[in-house]
Amino acid sequence: MAATPTPSSLLQEVKAHPLSIATAAILRSTIQFFYTRKGRIAACGSGVLLTVDNRFFVVTAAHVLAGQAYTTFVILPPNEVTLAGTLLTTSPPPPGRRQDDKIDLAVLELTDEGQIARLQESYQFLTLNELSTSPRHLTDVYLSVGFPAAKTRSFNGHVKTAPYPLQVQQTKEFDYAGLRLHPGTHLVLDFTGDVLSAANPQPHRRPKMEGISGSGLWDTGNFLLGDPAHERKLVGIVTEELTVRRHKHLLVTRTTVLLEFMRQSFKLNIPVSTTVKVNLGRGLQRLTDWQAKQAAAAATTSA
């Protein structure tokens with residue numbers, strides 16, 4: 001039976017300073033996805049918990065669940081749990097073609113009340129007032145907290161995992177139009193060179209970051225002076241690592257796009273975006289009964 005630390009215990013050994021406080025607050029709303037590969041539990045991405053209109057959601061990047069959506073699970077100690085609900089994702093590009101708009105989102109509406117209650121015991125679902133929908137943020141230094149696969153180990157049915165808090169800055173003078181992006185829908189962050197983290201505030205090389213896709217990007221404000229646990233705002237969802245002219249960047253889809261995606265897809269009673277127009281007519285894959293598909297996949301496997 002798999003077991004992994006709860007979010008509240010993940011940073012107990014980290015020095016208590018403002019960045020660590022902000023990281024701990026973010027971890028309360030960040031969850032890790034797993035799947036089984038060659039008989040072992042493997043990490044496949046991160047996600048953020050959100051509640052809107054008294055409904056409960058997990059948001060992540062679409063490619064985190066691509067090809068294994070019905071066998072992906074989370075760990076709610078001491079059990080592995082496949083979340084039940086309705087899954088909506090943006091469509092991946094056709095084979096051999098790139099996805100021009102770079103909209104790579106998946107949203108799972110949770111429908112099992114027992115699972116929701118268990119998640120609420122260990123995690124905190126974000127509310128709308130904890131999301132930033134303004135292109136003007138409190139600072140140009142952002143905090144991403146995800147679960148790199150390189151820091152996940154599986155042995156004897158147990159899982160040892162560790163989050164990685166990453167401080168990143170927005171790339172200056174990036175050619176958004178050259179990649180068919182727009183600064184109103186995406187943020188491009190500098191991912192080349194040394195980084196800082198809550199565990200190591202000295203400049204150092206980052207680990208391999210596969211697995212942080214689907215994690216949140218956060219504006220923590222002036223956490224050195226204010227309250228880092230309460231000032232933090234979700235700015236967007238981390239979706240991709242880009243390499244442009246040998247420089248590495250982190251691509252983030254803004255929360256304005258995420259909320260408009262959710263408003264249209266789940267008929268939420270939230271304001272229509274005045275800055276972002278998302279065309280879901282051709283870019284949406286709807287899985288109306290994820291639970292039934294999970295059962296069908298399980299039956300096929302057992303047969």
# chains A, B, ... in the order shown; residues from 1 in each chain; ligands from 1
>>> select_by_dssp(residues="range 33-76 of chain A", states="alpha helix (DSSP H)", output="PyMOL selection string")
chain A and resi 62-65
>>> residues_around(residues="Leu217 in chain A", least_positions_apart="2", cutoff="12 Å", atoms="only C-alpha atoms", output="number ranges by chain")
A: 23, 26-27, 29-30, 46-48, 60, 131-132, 137, 140-146, 165-170, 186-189, 212-215, 219-220, 232-239, 250-255
>>> select_by_dssp(residues="range 130-207 of chain A", states="strand (DSSP E)", output="list in words")
Val141, Tyr142, Leu143, Ser144, Val145, Gly146, Arg153, Ser154, Phe155, His158, Val159, Lys160, Tyr164, Pro165, Leu166, Gln167, Val168, Gln169, His186, Leu187, Val188, Leu189 and Asp190 of chain A
>>> write_last_selection(atoms="N, CA and C atoms", output="JSON list (two decimals), in the first residue's frame")
[["chain", "number", "residue", "atom", "x", "y", "z"],
["A", 141, "VAL", "N", 8.80, 38.48, -9.35],
["A", 141, "VAL", "CA", 9.41, 37.23, -8.91],
["A", 141, "VAL", "C", 8.28, 36.30, -8.46],
["A", 142, "TYR", "N", 8.20, 35.13, -9.09],
["A", 142, "TYR", "CA", 7.09, 34.21, -8.83],
["A", 142, "TYR", "C", 7.61, 32.94, -8.17],
["A", 143, "LEU", "N", 6.68, 32.22, -7.58],
["A", 143, "LEU", "CA", 7.02, 30.99, -6.88],
["A", 143, "LEU", "C", 6.20, 29.84, -7.46],
["A", 144, "SER", "N", 6.90, 28.81, -7.90],
["A", 144, "SER", "CA", 6.24, 27.59, -8.38],
["A", 144, "SER", "C", 6.60, 26.46, -7.44],
["A", 145, "VAL", "N", 5.59, 25.69, -7.04],
["A", 145, "VAL", "CA", 5.83, 24.56, -6.14],
["A", 145, "VAL", "C", 5.19, 23.33, -6.76],
["A", 146, "GLY", "N", 6.02, 22.42, -7.24],
["A", 146, "GLY", "CA", 5.54, 21.19, -7.86],
["A", 146, "GLY", "C", 6.31, 19.99, -7.35],
["A", 153, "ARG", "N", 10.50, 8.59, -5.30],
["A", 153, "ARG", "CA", 11.07, 7.25, -5.26],
["A", 153, "ARG", "C", 9.99, 6.26, -4.81],
["A", 154, "SER", "N", 9.95, 5.10, -5.46],
["A", 154, "SER", "CA", 9.00, 4.05, -5.11],
["A", 154, "SER", "C", 9.78, 2.80, -4.74],
["A", 155, "PHE", "N", 9.47, 2.21, -3.57],
["A", 155, "PHE", "CA", 10.17, 1.00, -3.14],
["A", 155, "PHE", "C", 9.28, 0.22, -2.19],
["A", 158, "HIS", "N", 6.00, 1.53, -1.15],
["A", 158, "HIS", "CA", 5.97, 2.83, -0.49],
["A", 158, "HIS", "C", 6.50, 3.90, -1.43],
["A", 159, "VAL", "N", 6.04, 5.11, -1.24],
["A", 159, "VAL", "CA", 6.46, 6.21, -2.08],
["A", 159, "VAL", "C", 7.07, 7.29, -1.21],
["A", 160, "LYS", "N", 8.25, 7.75, -1.62],
["A", 160, "LYS", "CA", 8.88, 8.89, -0.96],
["A", 160, "LYS", "C", 8.95, 10.01, -1.98],
["A", 164, "TYR", "N", 9.37, 20.72, -4.79],
["A", 164, "TYR", "CA", 10.49, 21.60, -5.09],
["A", 164, "TYR", "C", 9.95, 23.01, -5.29],
["A", 165, "PRO", "N", 10.24, 23.92, -4.36],
["A", 165, "PRO", "CA", 9.80, 25.31, -4.51],
["A", 165, "PRO", "C", 10.81, 26.07, -5.37],
["A", 166, "LEU", "N", 10.35, 26.68, -6.43],
["A", 166, "LEU", "CA", 11.23, 27.31, -7.40],
["A", 166, "LEU", "C", 10.87, 28.78, -7.56],
["A", 167, "GLN", "N", 11.82, 29.67, -7.31],
["A", 167, "GLN", "CA", 11.62, 31.09, -7.56],
["A", 167, "GLN", "C", 12.06, 31.41, -8.98],
["A", 168, "VAL", "N", 11.19, 32.06, -9.74],
["A", 168, "VAL", "CA", 11.48, 32.38, -11.13],
["A", 168, "VAL", "C", 11.02, 33.80, -11.45],
["A", 169, "GLN", "N", 11.68, 34.41, -12.43],
["A", 169, "GLN", "CA", 11.33, 35.75, -12.87],
["A", 169, "GLN", "C", 10.80, 35.73, -14.29],
["A", 186, "HIS", "N", -0.59, 34.12, -21.46],
["A", 186, "HIS", "CA", 0.54, 33.34, -20.98],
["A", 186, "HIS", "C", 1.57, 34.22, -20.28],
["A", 187, "LEU", "N", 2.33, 33.58, -19.41],
["A", 187, "LEU", "CA", 3.53, 34.16, -18.84],
["A", 187, "LEU", "C", 4.71, 33.29, -19.28],
["A", 188, "VAL", "N", 5.81, 33.92, -19.66],
["A", 188, "VAL", "CA", 7.03, 33.20, -20.00],
["A", 188, "VAL", "C", 8.09, 33.58, -18.99],
["A", 189, "LEU", "N", 8.64, 32.58, -18.32],
["A", 189, "LEU", "CA", 9.56, 32.80, -17.21],
["A", 189, "LEU", "C", 10.96, 32.33, -17.56],
["A", 190, "ASP", "N", 11.95, 33.00, -17.00],
["A", 190, "ASP", "CA", 13.34, 32.64, -17.23],
["A", 190, "ASP", "C", 13.66, 31.34, -16.51]]
>>> closest_residue(among="A:Ser273, A:Thr71, A:Thr152, A:Ser265", to="Thr90 in chain A", atoms="only C-alpha atoms")
A:Ser265
>>> residues_around(residues="Thr256 in chain A", least_positions_apart="6", cutoff="8 Å", atoms="only C-alpha atoms", output="list in words")
Thr133, Thr185, Ser273, Thr275 and Val276 of chain A
>>> residues_around(residues="Ala42 in chain A", least_positions_apart="5", cutoff="12 Å", atoms="only C-alpha atoms", output="list in words")
Ala2, Gln32, Phe33, Phe34, Tyr35, Thr36, Arg37, Thr71, Thr72, Phe73, Val74, Ile75, Phe147, Pro148, Ala149, Ala150, Lys151, Thr152, Arg153, Ser154, Phe155, Gly157, His158, Val159, Lys160, Thr161, Glu210 and Gly211 of chain A
>>> atom_distance(atom1="CA of Met262 in chain A", atom2="CA of Trp218 in chain A")
19.4 Å
>>> closest_residue(among="A:Asn156, A:Gln120, A:Gln115, A:Thr171", to="Thr51 in chain A", atoms="only C-alpha atoms")
A:Gln120
